[in-house]
$ cat query-v3.cif   # mmCIF, C-alpha atoms and all ligand atoms
data_structure
#
loop_
_atom_site.group_PDB
_atom_site.id
_atom_site.type_symbol
_atom_site.label_atom_id
_atom_site.label_comp_id
_atom_site.auth_asym_id
_atom_site.auth_seq_id
_atom_site.Cartn_x
_atom_site.Cartn_y
_atom_site.Cartn_z
ATOM 1 C CA MET Y 1 3.106 -24.614 2.389
ATOM 2 C CA ARG Y 2 2.805 -21.296 4.234
ATOM 3 C CA ARG Y 3 5.045 -20.836 7.227
ATOM 4 C CA PRO Y 4 3.342 -20.316 10.601
ATOM 5 C CA LEU Y 5 4.257 -17.006 12.222
ATOM 6 C CA VAL Y 6 4.046 -15.303 15.586
ATOM 7 C CA ILE Y 7 4.765 -11.576 15.676
ATOM 8 C CA ALA Y 8 5.182 -9.376 18.757
ATOM 9 C CA ASN Y 9 4.597 -5.633 18.428
ATOM 10 C CA TRP Y 10 6.177 -4.016 21.489
ATOM 11 C CA LYS Y 11 4.819 -0.593 20.504
ATOM 12 C CA MET Y 12 6.345 2.311 22.518
ATOM 13 C CA TYR Y 13 7.098 0.118 25.522
ATOM 14 C CA THR Y 14 10.335 -1.107 27.137
ATOM 15 C CA SER Y 15 13.337 0.701 28.570
ATOM 16 C CA PHE Y 16 16.747 -0.383 27.287
ATOM 17 C CA SER Y 17 17.155 -2.883 30.123
ATOM 18 C CA ASP Y 18 13.578 -4.173 29.752
ATOM 19 C CA ALA Y 19 14.244 -4.768 26.058
ATOM 20 C CA VAL Y 20 17.460 -6.673 26.754
ATOM 21 C CA VAL Y 21 15.846 -8.833 29.453
ATOM 22 C CA LEU Y 22 12.709 -9.529 27.396
ATOM 23 C CA SER Y 23 14.516 -10.404 24.167
ATOM 24 C CA THR Y 24 17.009 -12.609 26.022
ATOM 25 C CA ALA Y 25 14.218 -14.476 27.824
ATOM 26 C CA ILE Y 26 12.276 -14.948 24.586
ATOM 27 C CA ARG Y 27 15.382 -16.134 22.717
ATOM 28 C CA ASP Y 28 16.118 -18.738 25.384
ATOM 29 C CA GLY Y 29 12.469 -19.790 25.666
ATOM 30 C CA VAL Y 30 11.864 -20.338 21.958
ATOM 31 C CA GLU Y 31 15.213 -21.877 21.102
ATOM 32 C CA ASN Y 32 13.808 -25.406 21.045
ATOM 33 C CA ILE Y 33 10.471 -24.627 19.434
ATOM 34 C CA SER Y 34 10.513 -25.557 15.775
ATOM 35 C CA GLY Y 35 8.179 -25.272 12.816
ATOM 36 C CA LEU Y 36 7.406 -21.569 12.978
ATOM 37 C CA GLU Y 37 9.020 -18.180 12.549
ATOM 38 C CA ILE Y 38 8.920 -15.662 15.386
ATOM 39 C CA ILE Y 39 9.326 -11.950 14.717
ATOM 40 C CA LEU Y 40 9.982 -9.377 17.429
ATOM 41 C CA CYS Y 41 9.182 -5.741 16.621
ATOM 42 C CA PRO Y 42 10.735 -3.645 19.388
ATOM 43 C CA PRO Y 43 11.065 0.154 19.367
ATOM 44 C CA ALA Y 44 13.546 1.083 16.610
ATOM 45 C CA VAL Y 45 16.150 2.405 19.059
ATOM 46 C CA TRP Y 46 16.670 -1.078 20.514
ATOM 47 C CA LEU Y 47 16.984 -2.945 17.216
ATOM 48 C CA THR Y 48 20.769 -2.751 16.966
ATOM 49 C CA GLU Y 49 21.193 -4.140 20.485
ATOM 50 C CA ILE Y 50 18.597 -6.884 20.118
ATOM 51 C CA VAL Y 51 19.978 -8.065 16.781
ATOM 52 C CA HIS Y 52 23.090 -9.236 18.644
ATOM 53 C CA ILE Y 53 21.053 -10.891 21.390
ATOM 54 C CA ILE Y 54 18.737 -12.935 19.200
ATOM 55 C CA HIS Y 55 21.139 -14.024 16.513
ATOM 56 C CA LYS Y 56 22.889 -16.545 18.699
ATOM 57 C CA ASN Y 57 22.323 -19.841 16.864
ATOM 58 C CA ILE Y 58 18.615 -19.300 16.324
ATOM 59 C CA ASN Y 59 17.378 -18.765 12.826
ATOM 60 C CA HIS Y 60 13.640 -18.949 13.466
ATOM 61 C CA LEU Y 61 13.728 -15.705 15.476
ATOM 62 C CA SER Y 62 13.831 -12.472 13.463
ATOM 63 C CA LEU Y 63 13.434 -8.755 13.896
ATOM 64 C CA GLY Y 64 11.024 -6.224 12.466
ATOM 65 C CA ALA Y 65 10.618 -2.473 12.758
ATOM 66 C CA GLN Y 66 7.293 -0.854 13.634
ATOM 67 C CA ASN Y 67 7.367 1.815 10.950
ATOM 68 C CA ILE Y 68 9.374 3.360 8.103
ATOM 69 C CA HIS Y 69 9.201 6.530 6.033
ATOM 70 C CA TYR Y 70 8.407 6.044 2.349
ATOM 71 C CA MET Y 71 11.432 8.088 1.225
ATOM 72 C CA ASN Y 72 14.871 6.494 1.249
ATOM 73 C CA GLU Y 73 16.666 9.544 2.645
ATOM 74 C CA GLY Y 74 16.316 13.288 2.905
ATOM 75 C CA GLU Y 75 15.234 16.153 5.108
ATOM 76 C CA PHE Y 76 12.798 14.211 7.265
ATOM 77 C CA THR Y 77 13.935 14.861 10.828
ATOM 78 C CA GLY Y 78 13.103 12.042 13.185
ATOM 79 C CA GLU Y 79 12.233 9.527 10.493
ATOM 80 C CA ILE Y 80 13.805 6.167 9.593
ATOM 81 C CA SER Y 81 13.971 4.790 6.053
ATOM 82 C CA ALA Y 82 13.528 1.269 4.689
ATOM 83 C CA PRO Y 83 17.198 0.923 3.595
ATOM 84 C CA MET Y 84 18.285 1.871 7.148
ATOM 85 C CA ILE Y 85 16.103 -0.823 8.643
ATOM 86 C CA ARG Y 86 17.161 -3.409 6.054
ATOM 87 C CA ASP Y 87 20.647 -3.476 7.514
ATOM 88 C CA ILE Y 88 19.359 -4.810 10.845
ATOM 89 C CA ALA Y 89 15.887 -6.302 10.329
ATOM 90 C CA LYS Y 90 13.978 -8.328 7.736
ATOM 91 C CA TYR Y 91 10.476 -7.048 8.392
ATOM 92 C CA VAL Y 92 8.506 -3.880 9.045
ATOM 93 C CA ILE Y 93 4.956 -3.359 10.298
ATOM 94 C CA ILE Y 94 3.052 -1.005 8.006
ATOM 95 C CA GLY Y 95 -0.385 0.524 8.441
ATOM 96 C CA HIS Y 96 -0.986 -0.370 12.087
ATOM 97 C CA SER Y 97 -4.277 1.152 13.259
ATOM 98 C CA GLU Y 98 -2.441 3.257 15.876
ATOM 99 C CA ARG Y 99 -0.406 4.937 13.124
ATOM 100 C CA ARG Y 100 -3.544 5.613 11.127
ATOM 101 C CA LYS Y 101 -5.322 7.060 14.133
ATOM 102 C CA ASN Y 102 -2.501 9.018 15.781
ATOM 103 C CA PHE Y 103 -0.387 10.003 12.777
ATOM 104 C CA ASP Y 104 -3.047 10.389 10.075
ATOM 105 C CA GLU Y 105 -1.599 7.669 7.880
ATOM 106 C CA ASP Y 106 -3.982 7.133 5.016
ATOM 107 C CA LEU Y 107 -4.092 4.474 2.308
ATOM 108 C CA PRO Y 108 -1.905 6.370 -0.240
ATOM 109 C CA ILE Y 109 0.818 6.825 2.414
ATOM 110 C CA ILE Y 110 0.565 3.185 3.440
ATOM 111 C CA SER Y 111 0.865 1.980 -0.152
ATOM 112 C CA ARG Y 112 3.981 4.139 -0.650
ATOM 113 C CA LYS Y 113 5.481 2.634 2.498
ATOM 114 C CA VAL Y 114 4.700 -0.888 1.298
ATOM 115 C CA ALA Y 115 6.440 -0.105 -2.006
ATOM 116 C CA ALA Y 116 9.443 1.422 -0.178
ATOM 117 C CA ALA Y 117 9.779 -1.711 1.954
ATOM 118 C CA ILE Y 118 9.640 -4.014 -1.075
ATOM 119 C CA ASP Y 119 12.195 -1.861 -2.950
ATOM 120 C CA ALA Y 120 14.550 -2.199 0.016
ATOM 121 C CA SER Y 121 14.015 -5.996 0.195
ATOM 122 C CA LEU Y 122 12.162 -5.746 3.493
ATOM 123 C CA SER Y 123 9.015 -7.847 3.975
ATOM 124 C CA PRO Y 124 6.121 -5.609 4.967
ATOM 125 C CA ILE Y 125 3.729 -6.846 7.656
ATOM 126 C CA ILE Y 126 0.613 -5.080 6.399
ATOM 127 C CA CYS Y 127 -2.147 -4.453 8.926
ATOM 128 C CA VAL Y 128 -5.734 -4.335 7.726
ATOM 129 C CA GLY Y 129 -8.982 -4.276 9.642
ATOM 130 C CA GLU Y 130 -12.341 -2.614 9.912
ATOM 131 C CA LYS Y 131 -12.971 0.038 12.580
ATOM 132 C CA LYS Y 132 -16.349 -1.280 13.662
ATOM 133 C CA GLN Y 133 -17.531 -4.814 13.959
ATOM 134 C CA SER Y 134 -19.474 -5.671 10.805
ATOM 135 C CA GLN Y 135 -21.783 -8.574 10.191
ATOM 136 C CA GLY Y 136 -18.821 -10.424 8.750
ATOM 137 C CA SER Y 137 -18.763 -8.598 5.415
ATOM 138 C CA ALA Y 138 -15.213 -8.567 4.113
ATOM 139 C CA SER Y 139 -15.645 -5.963 1.377
ATOM 140 C CA GLU Y 140 -14.261 -2.986 3.374
ATOM 141 C CA VAL Y 141 -11.137 -4.878 4.433
ATOM 142 C CA VAL Y 142 -10.552 -6.380 0.982
ATOM 143 C CA LYS Y 143 -10.799 -2.904 -0.614
ATOM 144 C CA GLU Y 144 -8.326 -1.566 1.950
ATOM 145 C CA LEU Y 145 -5.785 -4.308 1.256
ATOM 146 C CA LYS Y 146 -6.074 -3.866 -2.508
ATOM 147 C CA GLU Y 147 -5.259 -0.172 -2.155
ATOM 148 C CA GLU Y 148 -2.382 -0.812 0.240
ATOM 149 C CA ILE Y 149 -0.659 -3.104 -2.237
ATOM 150 C CA SER Y 150 -1.563 -1.132 -5.335
ATOM 151 C CA ASP Y 151 1.996 0.235 -5.775
ATOM 152 C CA ILE Y 152 3.740 -3.141 -5.927
ATOM 153 C CA LYS Y 153 3.984 -5.858 -8.572
ATOM 154 C CA LYS Y 154 2.043 -9.113 -8.232
ATOM 155 C CA GLU Y 155 5.297 -11.064 -8.221
ATOM 156 C CA ASP Y 156 6.135 -9.364 -4.905
ATOM 157 C CA TYR Y 157 2.940 -10.523 -3.169
ATOM 158 C CA LYS Y 158 4.665 -13.622 -1.842
ATOM 159 C CA ASN Y 159 7.014 -11.365 0.164
ATOM 160 C CA LEU Y 160 4.131 -9.829 2.088
ATOM 161 C CA ILE Y 161 2.725 -10.786 5.460
ATOM 162 C CA ILE Y 162 -0.857 -9.718 6.146
ATOM 163 C CA ALA Y 163 -2.140 -9.149 9.672
ATOM 164 C CA TYR Y 164 -5.924 -9.012 9.838
ATOM 165 C CA GLU Y 165 -6.490 -6.848 12.902
ATOM 166 C CA PRO Y 166 -10.061 -5.685 13.433
ATOM 167 C CA VAL Y 167 -9.511 -2.304 15.080
ATOM 168 C CA TRP Y 168 -12.301 -2.894 17.595
ATOM 169 C CA ALA Y 169 -10.535 -6.041 18.858
ATOM 170 C CA ILE Y 170 -7.091 -4.457 19.423
ATOM 171 C CA GLY Y 171 -6.278 -3.666 23.040
ATOM 172 C CA SER Y 172 -9.748 -4.743 24.122
ATOM 173 C CA GLU Y 173 -10.980 -7.556 26.329
ATOM 174 C CA GLU Y 174 -12.744 -9.324 23.479
ATOM 175 C CA PRO Y 175 -10.987 -10.756 20.443
ATOM 176 C CA ALA Y 176 -12.966 -11.435 17.266
ATOM 177 C CA THR Y 177 -14.400 -14.927 17.156
ATOM 178 C CA PRO Y 178 -12.213 -17.369 15.215
ATOM 179 C CA GLU Y 179 -15.109 -17.930 12.774
ATOM 180 C CA TYR Y 180 -15.408 -14.205 12.106
ATOM 181 C CA ALA Y 181 -11.621 -13.846 11.610
ATOM 182 C CA ALA Y 182 -11.465 -16.908 9.363
ATOM 183 C CA ARG Y 183 -14.271 -15.581 7.167
ATOM 184 C CA ILE Y 184 -12.490 -12.259 6.550
ATOM 185 C CA ILE Y 185 -9.122 -13.971 6.090
ATOM 186 C CA THR Y 186 -10.631 -16.277 3.463
ATOM 187 C CA ALA Y 187 -11.703 -13.201 1.501
ATOM 188 C CA LEU Y 188 -8.247 -11.571 1.916
ATOM 189 C CA ARG Y 189 -6.608 -14.745 0.642
ATOM 190 C CA GLU Y 190 -8.224 -14.146 -2.766
ATOM 191 C CA VAL Y 191 -6.235 -10.915 -3.072
ATOM 192 C CA VAL Y 192 -2.726 -12.191 -2.321
ATOM 193 C CA HIS Y 193 -0.366 -15.026 -3.279
ATOM 194 C CA PHE Y 194 -1.102 -18.511 -1.934
ATOM 195 C CA GLU Y 195 2.227 -18.381 -0.060
ATOM 196 C CA THR Y 196 1.437 -15.064 1.677
ATOM 197 C CA PRO Y 197 0.912 -15.727 5.397
ATOM 198 C CA ILE Y 198 -2.258 -14.143 6.796
ATOM 199 C CA LEU Y 199 -2.372 -13.734 10.563
ATOM 200 C CA TYR Y 200 -4.988 -12.679 13.074
ATOM 201 C CA GLY Y 201 -4.300 -9.920 15.628
ATOM 202 C CA GLY Y 202 -6.425 -8.440 18.409
ATOM 203 C CA SER Y 203 -6.456 -9.476 22.085
ATOM 204 C CA VAL Y 204 -4.726 -12.803 21.548
ATOM 205 C CA ASP Y 205 -3.270 -14.460 24.640
ATOM 206 C CA ALA Y 206 -1.977 -17.873 25.672
ATOM 207 C CA ALA Y 207 -5.476 -18.983 26.686
ATOM 208 C CA ASN Y 208 -7.269 -18.160 23.429
ATOM 209 C CA VAL Y 209 -4.560 -18.527 20.753
ATOM 210 C CA TYR Y 210 -5.431 -22.174 20.013
ATOM 211 C CA LYS Y 211 -8.887 -21.135 18.831
ATOM 212 C CA PHE Y 212 -7.315 -19.075 16.056
ATOM 213 C CA VAL Y 213 -4.422 -21.249 14.983
ATOM 214 C CA SER Y 214 -6.494 -24.426 14.972
ATOM 215 C CA ARG Y 215 -8.195 -22.893 11.906
ATOM 216 C CA PRO Y 216 -6.356 -23.721 8.672
ATOM 217 C CA GLU Y 217 -7.213 -20.273 7.250
ATOM 218 C CA ILE Y 218 -5.190 -18.492 9.981
ATOM 219 C CA ASP Y 219 -1.411 -18.844 9.599
ATOM 220 C CA GLY Y 220 -0.445 -17.347 12.960
ATOM 221 C CA VAL Y 221 -0.944 -14.353 15.219
ATOM 222 C CA LEU Y 222 0.272 -10.819 15.822
ATOM 223 C CA VAL Y 223 0.217 -9.849 19.490
ATOM 224 C CA GLY Y 224 0.569 -6.568 21.347
ATOM 225 C CA ARG Y 225 0.206 -6.907 25.125
ATOM 226 C CA SER Y 226 1.053 -10.626 25.194
ATOM 227 C CA GLY Y 227 4.353 -9.913 23.460
ATOM 228 C CA LEU Y 228 5.607 -7.909 26.426
ATOM 229 C CA LYS Y 229 5.419 -10.853 28.846
ATOM 230 C CA ALA Y 230 8.123 -13.402 28.098
ATOM 231 C CA LYS Y 231 6.383 -16.453 29.615
ATOM 232 C CA GLU Y 232 3.047 -15.687 27.979
ATOM 233 C CA PHE Y 233 4.672 -15.045 24.617
ATOM 234 C CA ILE Y 234 6.769 -18.222 24.708
ATOM 235 C CA LYS Y 235 3.633 -20.193 25.581
ATOM 236 C CA ILE Y 236 1.848 -18.669 22.579
ATOM 237 C CA CYS Y 237 4.752 -19.670 20.301
ATOM 238 C CA ARG Y 238 4.670 -23.228 21.657
ATOM 239 C CA ILE Y 239 0.894 -23.530 21.118
ATOM 240 C CA VAL Y 240 1.125 -22.163 17.556
ATOM 241 C CA ALA Y 241 3.932 -24.619 16.731
ATOM 242 C CA GLU Y 242 1.923 -27.539 18.142
ATOM 243 C CA TYR Y 243 -1.290 -26.707 16.312
ATOM 244 C CA LYS Y 244 0.387 -25.950 13.014
ATOM 245 C CA LYS Y 245 2.266 -29.258 13.146
ATOM 246 C CA ILE Y 246 -1.005 -31.198 13.405
ATOM 247 C CA VAL Y 247 -2.947 -29.285 10.752
HETATM 248 C C1 LIG Y 301 -1.843 -4.818 18.225
HETATM 249 O O1 LIG Y 301 -1.598 -3.724 18.743
HETATM 250 O O2 LIG Y 301 -1.585 -5.000 17.027
HETATM 251 C C2 LIG Y 301 -2.457 -5.859 19.024
HETATM 252 C C3 LIG Y 301 -2.833 -6.972 18.425
HETATM 253 O O3 LIG Y 301 -2.593 -5.585 20.360
HETATM 254 P P1 LIG Y 301 -3.260 -6.542 21.461
HETATM 255 O O4 LIG Y 301 -2.738 -7.931 21.230
HETATM 256 O O5 LIG Y 301 -2.815 -5.982 22.759
HETATM 257 O O6 LIG Y 301 -4.736 -6.466 21.249
#

$ encode --input "query-v3.cif" --output "structure tokens"
Amino acid sequence: MRRPLVIANWKMYTSFSDAVVLSTAIRDGVENISGLEIILCPPAVWLTEIVHIIHKNINHLSLGAQNIHYMNEGEFTGEISAPMIRDIAKYVIIGHSERRKNFDEDLPIISRKVAAAIDASLSPIICVGEKKQSQGSASEVVKELKEEISDIKKEDYKNLIIAYEPVWAIGSEEPATPEYAARIITALREVVHFETPILYGGSVDAANVYKFVSRPEIDGVLVGRSGLKAKEFIKICRIVAEYKKIV
């Protein structure tokens, strides 16, 4: 069975003290929630502090980075490699739409990053999603995912996490409908291993999360804004755990 997941992408938010307060509140709030894995992806500079905060007797709470370089080391000022992250985190987000848009990351770069993560024994959280709302055709997104994982072996597919994030639904007021998301996710499922979790991301909050996770096709959620509010995020985790226990 696939494990349910909730992932928080903190993006370029939080001061040092905000990060400590938020991760401590989340750790305490999710301590007694079972049946899912929760992954926090704070800014890389706070990872080494947060790793000490969250690893107090909780093994369903993990850390992820928001980006890596595809080279392991070298003259790449300002960059962080997969082996560096592996020492403190288990996961890394790759191919987020903001990196594509603001840092010109294209599919060949993303596939090299996915391969670098796998080589370093990190699990990549691969973001895929169409820029404009389609009529529900999955072909663009499926093609994108196939290219993103083209540099890794099939036997590594089970170590991937896929986040279906329609770009038009990220940071907006309107998420995709659960039916729309489930249709695309069903098509993505054909590409990966049956154990690969596939999540939905895009304007998820505590009020609408049940609509997504009540669908068997959707294994969890990736949140942006809702991951920066401890109470809201803990509520989301509780709802995901409840729904995934029933299904
Ligand atoms: C995201 O940035 O990946 C995201 C899902 O953001 P939000 O939840 O704020 O739409």

$ closest_residue --input "query-v3.cif" --among "Y:Ser17, Y:Lys146, Y:Gly202, Y:Trp10" --to "Ser97 of chain Y" --atoms "all atoms listed in the file"
Y:Gly202

$ atom_distance --input "query-v3.cif" --atom1 "atom CA of Thr177 of chain Y" --atom2 "atom C1 of ligand LIG 301 (chain Y)"
16.2 Å

$ resolve_selection --input "query-v3.cif" --expression "the PyMOL selection byres (((chain Y and resi 90) around 10) and not hetatm)" --output "PDB file with C-alpha atoms, in the frame of the given file"
ATOM      1  CA  ILE Y  39       9.326 -11.950  14.717  1.00  0.00           C
ATOM      2  CA  SER Y  62      13.831 -12.472  13.463  1.00  0.00           C
ATOM      3  CA  LEU Y  63      13.434  -8.755  13.896  1.00  0.00           C
ATOM      4  CA  GLY Y  64      11.024  -6.224  12.466  1.00  0.00           C
ATOM      5  CA  ALA Y  65      10.618  -2.473  12.758  1.00  0.00           C
ATOM      6  CA  ILE Y  85      16.103  -0.823   8.643  1.00  0.00           C
ATOM      7  CA  ARG Y  86      17.161  -3.409   6.054  1.00  0.00           C
ATOM      8  CA  ASP Y  87      20.647  -3.476   7.514  1.00  0.00           C
ATOM      9  CA  ILE Y  88      19.359  -4.810  10.845  1.00  0.00           C
ATOM     10  CA  ALA Y  89      15.887  -6.302  10.329  1.00  0.00           C
ATOM     11  CA  TYR Y  91      10.476  -7.048   8.392  1.00  0.00           C
ATOM     12  CA  VAL Y  92       8.506  -3.880   9.045  1.00  0.00           C
ATOM     13  CA  ALA Y 117       9.779  -1.711   1.954  1.00  0.00           C
ATOM     14  CA  ALA Y 120      14.550  -2.199   0.016  1.00  0.00           C
ATOM     15  CA  SER Y 121      14.015  -5.996   0.195  1.00  0.00           C
ATOM     16  CA  LEU Y 122      12.162  -5.746   3.493  1.00  0.00           C
ATOM     17  CA  SER Y 123       9.015  -7.847   3.975  1.00  0.00           C
ATOM     18  CA  PRO Y 124       6.121  -5.609   4.967  1.00  0.00           C
TER      19      PRO Y 124
END

$ atom_distance --input "query-v3.cif" --atom1 "atom CA of Ser226 of chain Y" --atom2 "atom C3 of ligand LIG 301 (chain Y)"
8.6 Å

$ atom_distance --input "query-v3.cif" --atom1 "atom CA of Leu36 of chain Y" --atom2 "atom CA of Lys244 of chain Y"
8.3 Å

$ axis_aligned_box --input "query-v3.cif" --around "segment 205-217 of chain Y" --padding-each-side "8 Å" --output "AutoDock Vina command-line options"
--center_x -5.4 --center_y -19.4 --center_z 17.0 --size_x 22.9 --size_y 26.0 --size_z 35.4

$ resolve_selection --input "query-v3.cif" --expression "the PyMOL selection byres (((not hetatm)) within 7 of (chain Y and resi 301))" --output "JSON, numbers by chain"
{"Y": [9, 96, 165, 169, 170, 171, 172, 201, 202, 203, 204, 222, 223, 224, 225, 226]}

$ closest_residue --input "query-v3.cif" --among "Y:Glu98, Y:Glu31, Y:Glu79, Y:Glu195" --to "Lys158 of chain Y" --atoms "all atoms listed in the file"
Y:Glu195

$ closest_residue --input "query-v3.cif" --among "Y:Leu199, Y:Ile33, Y:Ile58, Y:Ile53" --to "Lys235 of chain Y" --atoms "only C-alpha atoms"
Y:Ile33

$ resolve_selection --input "query-v3.cif" --expression "the PyMOL selection byres (((chain Y and resi 130) around 8) and not hetatm)" --output "VMD selection string"
chain Y and resid 128 to 129 131 to 134 140 to 141 165 to 168

$ closest_residue --input "query-v3.cif" --among "Y:Val213, Y:Ile234, Y:Ala138, Y:Leu145" --to "Tyr180 of chain Y" --atoms "only C-alpha atoms"
Y:Ala138

$ closest_residue --input "query-v3.cif" --among "Y:Ala116, Y:Ile152, Y:Val51, Y:Leu61" --to "Asp28 of chain Y" --atoms "only C-alpha atoms"
Y:Leu61

$ residues_near_point --input "query-v3.cif" --point "(2.1, -24.4, 16.6)" --cutoff "12 Å" --atoms "all atoms listed in the file" --output "compact mmCIF listing (two decimals) with C-alpha atoms, in the frame of the given file"
# COMPACT_ATOMS: atom_id res chain seq x y z
CA ARG Y 3 5.04 -20.84 7.23
CA PRO Y 4 3.34 -20.32 10.60
CA LEU Y 5 4.26 -17.01 12.22
CA VAL Y 6 4.05 -15.30 15.59
CA VAL Y 30 11.86 -20.34 21.96
CA ILE Y 33 10.47 -24.63 19.43
CA SER Y 34 10.51 -25.56 15.78
CA GLY Y 35 8.18 -25.27 12.82
CA LEU Y 36 7.41 -21.57 12.98
CA GLU Y 37 9.02 -18.18 12.55
CA ILE Y 38 8.92 -15.66 15.39
CA ALA Y 206 -1.98 -17.87 25.67
CA VAL Y 209 -4.56 -18.53 20.75
CA TYR Y 210 -5.43 -22.17 20.01
CA LYS Y 211 -8.89 -21.14 18.83
CA PHE Y 212 -7.32 -19.08 16.06
CA VAL Y 213 -4.42 -21.25 14.98
CA SER Y 214 -6.49 -24.43 14.97
CA ARG Y 215 -8.20 -22.89 11.91
CA PRO Y 216 -6.36 -23.72 8.67
CA ILE Y 218 -5.19 -18.49 9.98
CA ASP Y 219 -1.41 -18.84 9.60
CA GLY Y 220 -0.44 -17.35 12.96
CA VAL Y 221 -0.94 -14.35 15.22
CA ILE Y 234 6.77 -18.22 24.71
CA LYS Y 235 3.63 -20.19 25.58
CA ILE Y 236 1.85 -18.67 22.58
CA CYS Y 237 4.75 -19.67 20.30
CA ARG Y 238 4.67 -23.23 21.66
CA ILE Y 239 0.89 -23.53 21.12
CA VAL Y 240 1.12 -22.16 17.56
CA ALA Y 241 3.93 -24.62 16.73
CA GLU Y 242 1.92 -27.54 18.14
CA TYR Y 243 -1.29 -26.71 16.31
CA LYS Y 244 0.39 -25.95 13.01
CA LYS Y 245 2.27 -29.26 13.15
CA ILE Y 246 -1.00 -31.20 13.40
CA VAL Y 247 -2.95 -29.28 10.75

$ closest_residue --input "query-v3.cif" --among "Y:Ile50, Y:Val191, Y:Met1, Y:Cys127" --to "Arg99 of chain Y" --atoms "only C-alpha atoms"
Y:Cys127

$ residues_around --input "query-v3.cif" --residues "segment 100-113 of chain Y" --least-positions-apart "5" --cutoff "10 Å" --atoms "all atoms listed in the file" --output "JSON, numbers by chain"
{"Y": [67, 68, 69, 70, 71, 81, 82, 92, 93, 94, 95, 118, 119, 124, 126, 127, 144, 145, 146, 147, 148, 149, 150, 151, 152]}

$ residues_around --input "query-v3.cif" --residues "segment 18-26 of chain Y" --least-positions-apart "2" --cutoff "8 Å" --atoms "only C-alpha atoms" --output "PyMOL selection string"
chain Y and resi 14-16+28-30+42+46+49-50+53-54+228-231+233-234
